[in-house]
>>> print(open('run08.cif').read())   # mmCIF, C-alpha atoms and all ligand atoms
data_query
loop_
_atom_site.label_atom_id
_atom_site.label_comp_id
_atom_site.auth_asym_id
_atom_site.auth_seq_id
_atom_site.Cartn_x
_atom_site.Cartn_y
_atom_site.Cartn_z
CA MET X 10 0.00 0.00 0.00
CA PHE X 11 2.72 2.47 0.96
CA ASP X 12 4.75 1.58 -2.10
CA SER X 13 2.04 2.81 -4.43
CA GLN X 14 1.41 5.83 -2.26
CA PHE X 15 5.05 6.87 -2.54
CA ARG X 16 5.10 6.19 -6.27
CA ASN X 17 1.97 8.09 -7.09
CA VAL X 18 2.27 11.12 -4.89
CA GLY X 19 4.62 13.85 -6.07
CA TYR X 20 5.85 15.39 -2.83
CA LYS X 21 5.55 19.02 -3.76
CA ASN X 22 5.88 20.44 -0.33
CA PHE X 23 7.14 19.67 3.11
CA ARG X 24 3.68 19.29 4.65
CA GLN X 25 2.84 16.44 2.30
CA ILE X 26 6.07 14.67 3.18
CA LEU X 27 5.44 15.21 6.88
CA ALA X 28 1.88 13.89 6.60
CA ALA X 29 3.04 10.80 4.71
CA GLY X 30 5.74 10.26 7.33
CA VAL X 31 3.20 10.43 10.16
CA CYS X 32 0.98 7.93 8.29
CA LEU X 33 3.90 5.58 7.83
CA PHE X 34 4.91 5.84 11.47
CA ALA X 35 1.34 5.14 12.58
CA ALA X 36 1.19 2.06 10.36
CA ILE X 37 4.48 0.68 11.65
CA SER X 38 3.69 1.33 15.28
CA SER X 39 0.22 -0.22 15.01
CA ARG X 40 1.80 -3.30 13.44
CA ALA X 41 4.31 -3.55 16.24
CA GLU X 42 1.70 -4.05 18.91
CA LEU X 43 0.66 -7.65 19.25
CA PRO X 44 -1.60 -7.63 22.29
CA ALA X 45 -1.12 -9.93 25.26
CA VAL X 46 -4.26 -12.04 25.77
CA LYS X 47 -6.01 -13.74 28.64
CA PHE X 48 -8.59 -16.52 28.94
CA ARG X 49 -12.14 -15.81 30.05
CA SER X 50 -14.12 -18.95 30.86
CA VAL X 51 -17.34 -19.22 28.86
CA PHE X 52 -19.98 -21.79 29.86
CA PRO X 53 -18.39 -21.98 33.35
CA GLU X 54 -21.00 -24.55 34.45
CA ALA X 55 -20.16 -26.95 31.61
CA THR X 56 -17.23 -29.34 31.50
CA PHE X 57 -16.55 -31.16 28.25
CA ASP X 58 -14.70 -34.45 27.83
CA ARG X 59 -11.76 -33.81 25.48
CA PRO X 60 -13.52 -31.11 23.39
CA LEU X 61 -11.97 -30.88 19.92
CA ARG X 62 -14.11 -28.36 18.07
CA MET X 63 -16.75 -25.78 18.69
CA GLU X 64 -18.93 -24.67 15.80
CA GLU X 65 -21.74 -22.13 15.98
CA ALA X 66 -24.77 -23.33 14.02
CA ASN X 67 -25.22 -21.06 11.00
CA ASP X 68 -29.01 -20.98 11.38
CA GLY X 69 -29.41 -18.01 13.70
CA SER X 70 -30.29 -20.28 16.63
CA GLY X 71 -27.37 -19.16 18.83
CA ARG X 72 -26.17 -22.70 19.51
CA PHE X 73 -22.63 -24.00 19.76
CA PHE X 74 -21.96 -27.64 18.83
CA VAL X 75 -19.01 -29.18 20.67
CA PRO X 76 -17.69 -32.56 19.50
CA GLU X 77 -16.04 -34.61 22.24
CA GLN X 78 -13.34 -37.03 21.17
CA LYS X 79 -15.09 -40.15 22.55
CA GLY X 80 -18.00 -39.66 20.16
CA ARG X 81 -20.57 -37.16 21.43
CA ILE X 82 -21.63 -33.78 20.12
CA VAL X 83 -22.94 -31.52 22.86
CA VAL X 84 -25.11 -28.47 22.20
CA VAL X 85 -24.72 -25.43 24.42
CA PRO X 86 -26.56 -22.10 24.02
CA LYS X 87 -24.31 -19.16 23.10
CA GLY X 88 -23.93 -16.65 25.90
CA SER X 89 -25.23 -19.09 28.54
CA ASP X 90 -23.48 -20.22 31.71
CA GLY X 91 -23.35 -23.76 30.29
CA LYS X 92 -25.80 -25.28 32.75
CA GLN X 93 -28.16 -26.26 29.96
CA THR X 94 -26.42 -28.60 27.57
CA SER X 95 -27.95 -31.35 25.48
CA GLU X 96 -26.62 -34.28 23.52
CA PHE X 97 -27.01 -33.85 19.76
CA LEU X 98 -25.26 -36.97 18.52
CA ASN X 99 -23.77 -40.03 20.20
CA ILE X 100 -21.57 -42.61 18.46
CA VAL X 101 -19.65 -43.59 21.62
CA ASP X 102 -20.71 -47.23 21.10
CA ARG X 103 -18.82 -47.22 17.78
CA LYS X 104 -15.63 -46.57 19.80
CA PRO X 105 -14.03 -43.95 17.54
CA LEU X 106 -11.46 -43.14 20.25
CA ALA X 107 -9.42 -46.35 19.96
CA SER X 108 -6.14 -44.53 20.58
CA ASN X 109 -4.99 -41.06 21.59
CA GLU X 110 -5.20 -39.35 18.18
CA GLU X 111 -8.34 -41.08 16.92
CA GLY X 112 -11.92 -40.23 17.77
CA LEU X 113 -14.74 -37.97 16.71
CA LEU X 114 -12.46 -35.22 15.46
CA GLY X 115 -14.56 -32.72 13.53
CA VAL X 116 -17.95 -31.30 12.62
CA ALA X 117 -19.06 -28.81 9.95
CA PHE X 118 -22.43 -27.30 9.09
CA HIS X 119 -23.57 -27.26 5.50
CA PRO X 120 -23.64 -23.65 4.20
CA GLN X 121 -27.42 -24.08 3.78
CA PHE X 122 -27.85 -25.83 7.16
CA ARG X 123 -30.70 -23.48 8.02
CA THR X 124 -32.83 -24.90 5.22
CA ASN X 125 -31.45 -28.43 4.65
CA GLY X 126 -30.38 -29.41 8.20
CA LEU X 127 -27.24 -31.16 6.96
CA LEU X 128 -23.94 -31.44 8.81
CA TYR X 129 -20.75 -33.44 8.39
CA ILE X 130 -18.55 -35.27 10.87
CA TYR X 131 -15.17 -36.99 10.82
CA TYR X 132 -14.58 -40.06 13.00
CA ASN X 133 -12.27 -43.06 13.20
CA GLN X 134 -13.18 -46.76 13.05
CA GLN X 135 -11.34 -50.08 13.25
CA ASN X 136 -11.34 -53.38 11.30
CA PRO X 137 -10.14 -52.05 9.03
CA ARG X 138 -8.64 -49.00 10.68
CA ARG X 139 -10.08 -46.04 8.80
CA SER X 140 -11.34 -42.48 8.78
CA VAL X 141 -15.01 -41.90 7.99
CA ILE X 142 -16.56 -38.66 6.76
CA SER X 143 -20.34 -38.80 7.09
CA GLU X 144 -23.33 -36.58 6.51
CA PHE X 145 -26.14 -36.43 9.06
CA LYS X 146 -29.43 -34.58 9.05
CA VAL X 147 -31.05 -32.87 11.98
CA SER X 148 -34.09 -34.70 13.37
CA ALA X 149 -37.38 -33.53 11.87
CA THR X 150 -38.95 -33.38 15.35
CA ASP X 151 -36.10 -32.03 17.54
CA SER X 152 -33.57 -29.49 16.29
CA ASN X 153 -31.22 -30.45 19.14
CA LYS X 154 -30.97 -34.08 17.93
CA ALA X 155 -29.32 -35.68 14.94
CA ASP X 156 -31.40 -38.16 12.97
CA MET X 157 -29.12 -41.17 13.43
CA ALA X 158 -30.84 -43.04 10.59
CA SER X 159 -29.88 -40.27 8.17
CA GLU X 160 -26.16 -41.09 8.04
CA ARG X 161 -24.65 -41.00 4.55
CA LYS X 162 -21.00 -42.04 4.39
CA LEU X 163 -19.24 -39.83 1.88
CA LEU X 164 -15.72 -41.11 2.20
CA GLU X 165 -13.82 -43.84 4.04
CA VAL X 166 -10.04 -43.70 3.99
CA GLU X 167 -8.05 -46.69 5.18
CA GLN X 168 -5.42 -45.81 7.79
CA PRO X 169 -2.19 -47.78 8.33
CA TYR X 170 -1.41 -46.60 11.90
CA PRO X 171 -3.26 -45.06 14.87
CA ASN X 172 -1.65 -41.60 14.82
CA HIS X 173 -1.68 -38.51 12.53
CA LYS X 174 -5.36 -38.58 11.70
CA GLY X 175 -5.85 -34.90 10.81
CA GLY X 176 -9.59 -34.88 11.30
CA GLN X 177 -10.93 -31.48 10.47
CA VAL X 178 -13.86 -30.88 8.14
CA THR X 179 -14.67 -27.26 7.26
CA PHE X 180 -16.56 -25.57 4.45
CA GLY X 181 -14.57 -22.99 2.56
CA PRO X 182 -15.92 -19.64 1.38
CA ASP X 183 -16.42 -21.38 -1.99
CA GLY X 184 -19.01 -23.76 -0.48
CA PHE X 185 -16.81 -26.86 -0.86
CA LEU X 186 -15.91 -29.16 2.03
CA TYR X 187 -12.22 -29.19 2.97
CA ILE X 188 -10.91 -32.24 4.83
CA GLY X 189 -7.56 -32.54 6.61
CA LEU X 190 -5.85 -35.95 6.61
CA GLY X 191 -2.49 -36.78 8.21
CA ASP X 192 0.16 -38.99 6.63
CA GLY X 193 -1.30 -42.17 8.17
CA GLY X 194 1.02 -42.28 11.15
CA ALA X 195 4.00 -44.17 12.58
CA GLY X 196 7.17 -42.08 12.12
CA ASN X 197 8.95 -40.59 9.07
CA ASP X 198 5.88 -41.32 6.89
CA PRO X 199 7.21 -44.80 6.05
CA HIS X 200 5.00 -45.20 2.95
CA ASN X 201 5.71 -41.66 1.66
CA ASN X 202 1.97 -40.99 1.67
CA ALA X 203 2.23 -37.22 2.01
CA GLN X 204 4.24 -36.89 -1.23
CA ASN X 205 2.15 -39.48 -3.09
CA THR X 206 -0.69 -37.80 -4.99
CA ALA X 207 -2.27 -41.21 -5.73
CA VAL X 208 -3.37 -41.50 -2.07
CA LEU X 209 -5.47 -39.23 0.14
CA LEU X 210 -3.24 -39.31 3.25
CA GLY X 211 -1.08 -36.30 4.11
CA LYS X 212 -3.40 -33.98 2.21
CA ILE X 213 -6.00 -31.26 2.34
CA LEU X 214 -8.95 -32.49 0.27
CA ARG X 215 -11.68 -30.42 -1.35
CA ILE X 216 -14.99 -32.04 -2.30
CA ASP X 217 -18.50 -31.01 -3.29
CA VAL X 218 -21.13 -32.51 -0.98
CA ASN X 219 -23.96 -31.44 -3.31
CA SER X 220 -23.01 -33.48 -6.38
CA ARG X 221 -21.70 -36.94 -7.34
CA THR X 222 -18.81 -37.63 -9.68
CA ASN X 223 -18.77 -40.79 -11.77
CA ILE X 224 -15.44 -42.57 -12.01
CA VAL X 225 -15.06 -44.72 -15.11
CA THR X 226 -12.52 -47.55 -14.81
CA GLY X 227 -12.50 -49.73 -17.92
CA LYS X 228 -16.07 -50.99 -18.33
CA HIS X 229 -17.09 -50.07 -14.78
CA THR X 230 -18.65 -46.82 -13.66
CA ASN X 231 -18.51 -46.04 -9.98
CA SER X 232 -20.41 -43.10 -8.54
CA LEU X 233 -18.68 -41.32 -5.69
CA GLN X 234 -20.81 -40.07 -2.80
CA TYR X 235 -19.54 -36.56 -3.53
CA GLY X 236 -18.40 -34.47 -6.44
CA ILE X 237 -14.87 -33.49 -7.40
CA PRO X 238 -14.89 -29.75 -8.18
CA SER X 239 -13.74 -29.21 -11.75
CA ASP X 240 -11.24 -26.55 -10.64
CA ASN X 241 -9.44 -28.86 -8.18
CA PRO X 242 -5.73 -28.95 -9.16
CA PHE X 243 -5.82 -32.66 -10.13
CA ALA X 244 -9.47 -32.88 -11.17
CA ASN X 245 -8.61 -34.66 -14.42
CA ARG X 246 -7.16 -37.58 -12.37
CA LYS X 247 -4.43 -38.28 -14.91
CA TYR X 248 -1.93 -41.02 -14.02
CA GLY X 249 -4.02 -42.15 -11.02
CA VAL X 250 -3.65 -38.85 -9.18
CA ARG X 251 -6.59 -38.29 -6.81
CA GLY X 252 -8.90 -35.51 -7.90
CA GLU X 253 -9.95 -34.77 -4.31
CA ILE X 254 -6.53 -33.31 -3.44
CA TRP X 255 -6.29 -29.56 -2.88
CA ALA X 256 -2.77 -29.49 -1.35
CA TYR X 257 -0.24 -32.09 -0.21
CA GLY X 258 3.02 -32.73 1.65
CA LEU X 259 1.40 -32.43 5.10
CA ARG X 260 2.26 -34.57 8.11
CA ASN X 261 -0.66 -33.98 10.44
CA PRO X 262 -2.74 -30.89 9.71
CA TRP X 263 -4.06 -30.31 13.23
CA ARG X 264 -6.59 -27.63 12.65
CA PHE X 265 -7.02 -25.32 9.75
CA SER X 266 -9.16 -22.27 9.14
CA PHE X 267 -10.13 -19.77 6.49
CA ASP X 268 -9.40 -16.12 7.09
CA ARG X 269 -12.92 -14.74 6.73
CA GLU X 270 -11.60 -11.47 5.29
CA THR X 271 -9.04 -12.72 2.75
CA GLY X 272 -10.23 -16.30 2.21
CA GLU X 273 -6.72 -17.59 2.87
CA LEU X 274 -6.44 -21.16 4.18
CA TRP X 275 -4.20 -21.42 7.28
CA VAL X 276 -2.93 -24.81 8.37
CA ALA X 277 -0.90 -25.82 11.40
CA ASP X 278 1.14 -28.91 10.50
CA VAL X 279 2.42 -30.94 13.44
CA GLY X 280 6.10 -31.78 13.12
CA GLN X 281 7.93 -34.97 14.03
CA ASP X 282 10.86 -34.50 16.43
CA LEU X 283 12.24 -31.06 15.63
CA TRP X 284 10.02 -28.40 14.03
CA GLU X 285 6.39 -27.19 14.18
CA GLU X 286 4.99 -25.01 11.40
CA VAL X 287 2.16 -22.83 10.11
CA ASP X 288 1.36 -22.89 6.38
CA VAL X 289 -0.79 -20.70 4.19
CA ILE X 290 -2.17 -23.15 1.66
CA VAL X 291 -2.49 -22.51 -2.06
CA LYS X 292 -4.18 -24.70 -4.66
CA GLY X 293 -2.01 -27.66 -5.60
CA GLY X 294 0.78 -26.63 -3.21
CA ASN X 295 3.35 -29.14 -1.91
CA TYR X 296 4.21 -28.32 1.70
CA GLY X 297 7.24 -30.55 1.87
CA TRP X 298 6.67 -33.44 4.28
CA ASN X 299 8.44 -35.95 4.42
CA VAL X 300 11.25 -34.36 2.45
CA ARG X 301 11.22 -31.22 4.54
CA GLU X 302 10.15 -30.44 8.11
CA ALA X 303 9.21 -26.75 8.27
CA PHE X 304 12.14 -24.79 6.74
CA HIS X 305 14.61 -27.68 7.15
CA PRO X 306 15.63 -30.69 5.07
CA PHE X 307 14.32 -33.98 6.47
CA LYS X 308 15.82 -36.24 3.81
CA PRO X 309 17.62 -35.66 0.51
CA GLU X 310 15.49 -33.73 -1.95
CA PRO X 311 14.77 -35.13 -5.38
CA GLU X 312 16.33 -32.94 -8.05
CA GLY X 313 14.05 -30.20 -9.32
CA ALA X 314 11.49 -30.67 -6.55
CA ARG X 315 9.76 -27.54 -5.27
CA TYR X 316 8.25 -27.14 -1.84
CA ILE X 317 6.39 -24.27 -0.24
CA ASP X 318 7.91 -23.03 3.00
CA PRO X 319 5.78 -22.28 6.04
CA VAL X 320 5.12 -18.72 7.24
CA ILE X 321 6.49 -19.43 10.70
CA GLU X 322 8.15 -22.29 12.57
CA TYR X 323 9.29 -23.14 16.08
CA PRO X 324 11.59 -25.86 17.38
CA HIS X 325 11.11 -28.53 20.03
CA THR X 326 14.26 -27.70 21.99
CA PRO X 327 16.20 -24.52 22.89
CA THR X 328 19.34 -25.99 21.32
CA LEU X 329 17.66 -25.61 17.91
CA LEU X 330 16.81 -21.92 18.34
CA PRO X 331 19.99 -20.71 16.58
CA GLU X 332 18.88 -22.66 13.47
CA SER X 333 15.34 -21.30 13.55
CA LYS X 334 14.16 -18.79 10.98
CA PHE X 335 12.47 -17.13 13.96
CA PRO X 336 15.06 -17.50 16.74
CA LYS X 337 13.00 -15.47 19.21
CA GLN X 338 9.93 -17.67 18.83
CA PRO X 339 9.57 -19.82 21.98
CA ILE X 340 9.74 -23.58 21.72
CA GLY X 341 6.94 -26.15 21.86
CA THR X 342 6.37 -29.73 20.76
CA SER X 343 2.97 -30.03 19.07
CA ILE X 344 1.21 -27.22 17.26
CA THR X 345 -2.53 -26.47 17.41
CA GLY X 346 -3.81 -24.24 14.62
CA GLY X 347 -6.22 -21.40 15.26
CA TYR X 348 -7.76 -18.41 13.49
CA VAL X 349 -6.93 -15.05 12.02
CA TYR X 350 -8.87 -12.79 14.35
CA ARG X 351 -11.53 -10.82 12.43
CA GLY X 352 -13.92 -10.05 15.26
CA LYS X 353 -15.21 -6.57 16.09
CA LYS X 354 -14.63 -6.54 19.84
CA PHE X 355 -10.85 -6.29 19.92
CA PRO X 356 -9.29 -4.06 17.23
CA THR X 357 -5.74 -4.72 18.52
CA LEU X 358 -6.14 -8.41 17.63
CA ARG X 359 -7.39 -7.82 14.10
CA GLY X 360 -5.36 -9.65 11.46
CA VAL X 361 -3.40 -11.70 14.02
CA TYR X 362 -3.28 -15.46 13.43
CA ILE X 363 -3.75 -16.96 16.90
CA TYR X 364 -2.39 -20.46 17.48
CA ALA X 365 -0.94 -22.57 20.28
CA ASP X 366 1.35 -25.32 21.38
CA PHE X 367 -0.81 -28.20 22.58
CA THR X 368 1.76 -29.54 25.01
CA LEU X 369 3.04 -26.38 26.67
CA GLY X 370 -0.17 -24.36 26.31
CA THR X 371 1.61 -21.28 24.97
CA ILE X 372 -0.64 -19.01 22.88
CA TYR X 373 1.23 -17.45 19.97
CA GLY X 374 0.32 -14.74 17.48
CA VAL X 375 1.72 -13.90 14.07
CA ARG X 376 0.95 -11.29 11.44
CA VAL X 377 1.79 -12.22 7.87
CA GLU X 378 1.96 -9.98 4.81
CA ASN X 379 2.72 -11.25 1.32
CA GLY X 380 3.66 -14.65 2.71
CA LYS X 381 6.18 -13.28 5.21
CA ALA X 382 5.79 -12.97 8.96
CA THR X 383 6.01 -9.28 9.85
CA GLU X 384 5.60 -9.78 13.58
CA TYR X 385 5.25 -12.71 15.94
CA GLY X 386 5.23 -13.36 19.63
CA THR X 387 3.80 -15.01 22.72
CA LEU X 388 0.35 -13.69 23.53
CA LEU X 389 -0.08 -15.80 26.68
CA SER X 390 1.90 -18.36 28.66
CA GLN X 391 -0.39 -20.77 30.49
CA PRO X 392 -0.18 -24.50 31.31
CA LYS X 393 -3.40 -26.06 30.00
CA ASN X 394 -3.24 -28.32 26.94
CA ILE X 395 -4.89 -26.46 24.07
CA ALA X 396 -6.48 -29.02 21.74
CA SER X 397 -8.27 -26.65 19.41
CA PHE X 398 -9.57 -23.16 18.78
CA ALA X 399 -13.01 -22.02 17.69
CA GLU X 400 -14.45 -18.96 15.97
CA ASP X 401 -18.05 -17.89 16.39
CA LEU X 402 -20.18 -16.26 13.70
CA ASP X 403 -19.11 -12.81 14.96
CA GLY X 404 -15.44 -13.70 14.47
CA GLU X 405 -14.64 -13.97 18.18
CA VAL X 406 -12.03 -16.61 19.01
CA TYR X 407 -12.09 -19.27 21.72
CA ALA X 408 -9.55 -21.80 23.02
CA LEU X 409 -10.61 -25.37 23.85
CA ALA X 410 -8.58 -26.86 26.69
CA PHE X 411 -8.20 -30.40 27.96
CA ASP X 412 -9.32 -29.28 31.41
CA GLY X 413 -12.72 -29.55 29.68
CA LYS X 414 -13.27 -25.81 29.62
CA ILE X 415 -13.75 -23.34 26.80
CA TYR X 416 -12.19 -19.90 27.01
CA ALA X 417 -12.77 -16.69 25.11
CA VAL X 418 -9.42 -15.26 23.98
CA GLU X 419 -9.35 -11.56 24.88
CA PRO X 420 -6.64 -8.87 25.06
CA THR X 421 -5.42 -7.89 28.52
CA GLY X 422 -4.70 -4.32 27.46
CA GLU X 423 -0.95 -4.95 27.76
CA LYS X 424 1.40 -5.53 24.86
CA ALA X 425 2.62 -9.02 24.06
CA GLN X 426 6.29 -9.96 24.03
CA SER X 427 6.57 -9.63 20.29
CA ASN X 428 9.35 -9.67 17.76
CA ILE X 429 9.72 -8.19 14.31
CA PRO X 430 11.85 -10.43 12.10
CA GLU X 431 15.13 -8.98 10.93
CA GLN X 432 15.30 -8.38 7.19
CA ARG X 433 17.11 -11.31 5.62
CA CA X 501 6.02 -28.27 5.57
#
>>> encode(input="run08.cif", output="structure tokens")
Amino acid sequence: MFDSQFRNVGYKNFRQILAAGVCLFAAISSRAELPAVKFRSVFPEATFDRPLRMEEANDGSGRFFVPEQKGRIVVVPKGSDGKQTSEFLNIVDRKPLASNEEGLLGVAFHPQFRTNGLLYIYYNQQNPRRSVISEFKVSATDSNKADMASERKLLEVEQPYPNHKGGQVTFGPDGFLYIGLGDGGAGNDPHNNAQNTAVLLGKILRIDVNSRTNIVTGKHTNSLQYGIPSDNPFANRKYGVRGEIWAYGLRNPWRFSFDRETGELWVADVGQDLWEEVDVIVKGGNYGWNVREAFHPFKPEPEGARYIDPVIEYPHTPTLLPESKFPKQPIGTSITGGYVYRGKKFPTLRGVYIYADFTLGTIYGVRVENGKATEYGTLLSQPKNIASFAEDLDGEVYALAFDGKIYAVEPTGEKAQSNIPEQR
């Protein structure tokens, strides 16, 4: 913005130069003020069992839907003290939580939920071990209950190991359903799933829940339970590449979100032993795993290969800080992705991507312009495990902790300990 201003304005007198200088100073100083934040408990009377998402129903009903990892979705009225909760869906008897990273991991409301009552969940199953993405409809007689007979399985993806399940389902601003899948688990991605575009693991997928694509293999025609958008990067499925793929090279995308102002897709990708990272995803992008871990080589790169670097990284140990692209970014061991704050209540937070380290509980913030971090820092140090974030329809941001509580993320009025990267 300032570039064009300087190019286009002929500074004919001192007052113009002074005014431009004041503008520039104001812009820089407002950028250099990441706010410190605090937690304010919402629904203080409610305690959730490993809450992993919180979605506000997009039907004007003022209800939050909170999936618990063991297989329940709990409804709680927005703005309430949490005393009145009700159970919307229960698949606990299907035992989705067979191991620590499996479970009921995500829920998303259809963009036309208000009129069609459709929503989508992600859960894990065994024998064979797999991820299931299903559609459910709200009960015709009780809007606080799912119609369990309405389940339509859109996609089942076989899983080789119990970890790295991804598990988020979220509609993009384009109306398509985005699905995050990890590399299938174990360590080092032993089957190279994330770099293999013939499989769905280690990917962000993009599908159309409103249509069905026919796949013709020889004499057989197989109708998928969803459509493949024609502008997906591999929609033509040449050479066995999967048309569902939107981006690849991810290890375990643990929470992603769309910036509601810019439409950008932000993904936190959990690292293996050394580096955690945040990526801004573009169509068809390769985010490096298992050839790269954040900004660093993980194994020898094939010649000519191109990978997209993250926008920020942090290491697992202090000894790695000198090698970090962001040496003043505190350490952590497992990233939890959040949201770019676009709410109205807290102007100092606007445009800050808020995320966390699950293990240490640290709440971080970063501002990114043109793919580069312009400022980053610690917004809050606190000890609770942060499993997920949530954003309500007003753009306010919440943290979901494994003490079973949900917290609104709000500025304290103080400045955060923030850093502006040196020019490299
Ligand atoms: Ca990466």
>>> closest_residue(input="run08.cif", among="X:Leu358, X:Arg376, X:Ala303, X:Tyr350", to="ligand CA 501 (chain X)", atoms="all atoms listed in the file")
X:Ala303
>>> closest_residue(input="run08.cif", among="X:Glu286, X:Glu384, X:Glu378, X:Asp366", to="ligand CA 501 (chain X)", atoms="all atoms listed in the file")
X:Glu286
>>> residues_near_ligand(input="run08.cif", ligand="ligand CA 501 (chain X)", cutoff="12 Å", atoms="all atoms listed in the file", output="ChimeraX atom specification")
/X:203-204,211-212,256-262,276-281,284-290,294-307,315-322
>>> atom_distance(input="run08.cif", atom1="atom CA of Thr326 of chain X", atom2="atom CA of Trp263 of chain X")
20.5 Å
>>> residues_around(input="run08.cif", residues="Ile372 of chain X", least_positions_apart="5", cutoff="7 Å", atoms="all atoms listed in the file", output="VMD selection string")
chain X and resid 364 to 366 387 to 390
>>> residues_near_point(input="run08.cif", point="(8.7, -18.1, 17.7)", cutoff="8 Å", atoms="all atoms listed in the file", output="list in words")
Ile321, Glu322, Tyr323, Phe335, Pro336, Lys337, Gln338, Pro339, Ile340, Tyr373, Tyr385, Gly386 and Thr387 of chain X
>>> axis_aligned_box(input="run08.cif", around="segment 300-303 of chain X", padding_each_side="4 Å", output="JSON")
{"center_x": 10.2, "center_y": -30.6, "center_z": 5.4, "size_x": 10.0, "size_y": 15.6, "size_z": 13.8}
>>> closest_residue(input="run08.cif", among="X:Asp90, X:Glu65, X:Glu310, X:Glu165", to="Ala117 of chain X", atoms="all atoms listed in the file")
X:Glu65
>>> closest_residue(input="run08.cif", among="X:His325, X:Lys308, X:Lys174, X:Arg138", to="Gly341 of chain X", atoms="only C-alpha atoms")
X:His325
>>> atom_distance(input="run08.cif", atom1="atom CA of Val218 of chain X", atom2="atom CA of Phe122 of chain X")
12.5 Å
>>> closest_residue(input="run08.cif", among="X:Arg103, X:Arg246, X:Arg81, X:Lys47", to="Arg62 of chain X", atoms="all atoms listed in the file")
X:Arg81
>>> atom_distance(input="run08.cif", atom1="atom CA of Glu144 of chain X", atom2="atom CA of Gly126 of chain X")
10.2 Å
>>> residues_around(input="run08.cif", residues="Val361 of chain X", least_positions_apart="5", cutoff="9 Å", atoms="only C-alpha atoms", output="list in words")
Leu43, Tyr348, Val349, Tyr350, Arg351, Gly374, Val375, Arg376, Val377 and Tyr385 of chain X
>>> closest_residue(input="run08.cif", among="X:Val75, X:Ala417, X:Ala207, X:Leu214", to="Tyr248 of chain X", atoms="only C-alpha atoms")
X:Ala207
>>> residues_near_point(input="run08.cif", point="(-26.5, -20.2, 10.1)", cutoff="12 Å", atoms="only C-alpha atoms", output="number ranges by chain")
X: 64-73, 117-128, 401-403
>>> build_atoms(input="run08.cif", residues="segment 282-286 of chain X", atoms="all heavy atoms", output="JSON list (two decimals), in the coordinates of the input")
[["chain", "number", "residue", "atom", "x", "y", "z"],
["X", 282, "ASP", "N", 10.05, -34.61, 15.21],
["X", 282, "ASP", "CA", 10.86, -34.50, 16.43],
["X", 282, "ASP", "C", 11.49, -33.13, 16.61],
["X", 282, "ASP", "O", 12.03, -32.83, 17.67],
["X", 282, "ASP", "CB", 12.01, -35.53, 16.40],
["X", 282, "ASP", "CG", 11.48, -36.94, 16.37],
["X", 282, "ASP", "OD1", 10.45, -37.19, 17.03],
["X", 282, "ASP", "OD2", 12.09, -37.79, 15.70],
["X", 283, "LEU", "N", 11.45, -32.29, 15.55],
["X", 283, "LEU", "CA", 12.24, -31.06, 15.63],
["X", 283, "LEU", "C", 11.46, -29.77, 15.44],
["X", 283, "LEU", "O", 11.64, -28.84, 16.20],
["X", 283, "LEU", "CB", 13.38, -31.12, 14.57],
["X", 283, "LEU", "CG", 14.34, -32.31, 14.67],
["X", 283, "LEU", "CD1", 15.39, -32.23, 13.56],
["X", 283, "LEU", "CD2", 15.01, -32.37, 16.04],
["X", 284, "TRP", "N", 10.59, -29.69, 14.42],
["X", 284, "TRP", "CA", 10.02, -28.40, 14.03],
["X", 284, "TRP", "C", 8.51, -28.44, 13.86],
["X", 284, "TRP", "O", 7.97, -29.35, 13.23],
["X", 284, "TRP", "CB", 10.64, -27.94, 12.69],
["X", 284, "TRP", "CG", 12.11, -27.76, 12.75],
["X", 284, "TRP", "CD1", 13.06, -28.66, 12.32],
["X", 284, "TRP", "CD2", 12.82, -26.63, 13.26],
["X", 284, "TRP", "NE1", 14.31, -28.14, 12.54],
["X", 284, "TRP", "CE2", 14.21, -26.91, 13.10],
["X", 284, "TRP", "CE3", 12.43, -25.42, 13.83],
["X", 284, "TRP", "CZ2", 15.19, -26.00, 13.51],
["X", 284, "TRP", "CZ3", 13.41, -24.52, 14.23],
["X", 284, "TRP", "CH2", 14.76, -24.82, 14.07],
["X", 285, "GLU", "N", 7.83, -27.41, 14.38],
["X", 285, "GLU", "CA", 6.39, -27.19, 14.18],
["X", 285, "GLU", "C", 6.22, -26.04, 13.19],
["X", 285, "GLU", "O", 7.07, -25.14, 13.14],
["X", 285, "GLU", "CB", 5.72, -26.84, 15.50],
["X", 285, "GLU", "CG", 5.90, -27.89, 16.58],
["X", 285, "GLU", "CD", 5.28, -29.23, 16.23],
["X", 285, "GLU", "OE1", 4.10, -29.25, 15.86],
["X", 285, "GLU", "OE2", 5.98, -30.26, 16.30],
["X", 286, "GLU", "N", 5.12, -26.03, 12.44],
["X", 286, "GLU", "CA", 4.99, -25.01, 11.40],
["X", 286, "GLU", "C", 3.55, -24.58, 11.14],
["X", 286, "GLU", "O", 2.60, -25.32, 11.40],
["X", 286, "GLU", "CB", 5.59, -25.52, 10.09],
["X", 286, "GLU", "CG", 4.81, -26.67, 9.47],
["X", 286, "GLU", "CD", 5.47, -27.18, 8.18],
["X", 286, "GLU", "OE1", 6.44, -27.96, 8.30],
["X", 286, "GLU", "OE2", 5.01, -26.79, 7.09]]
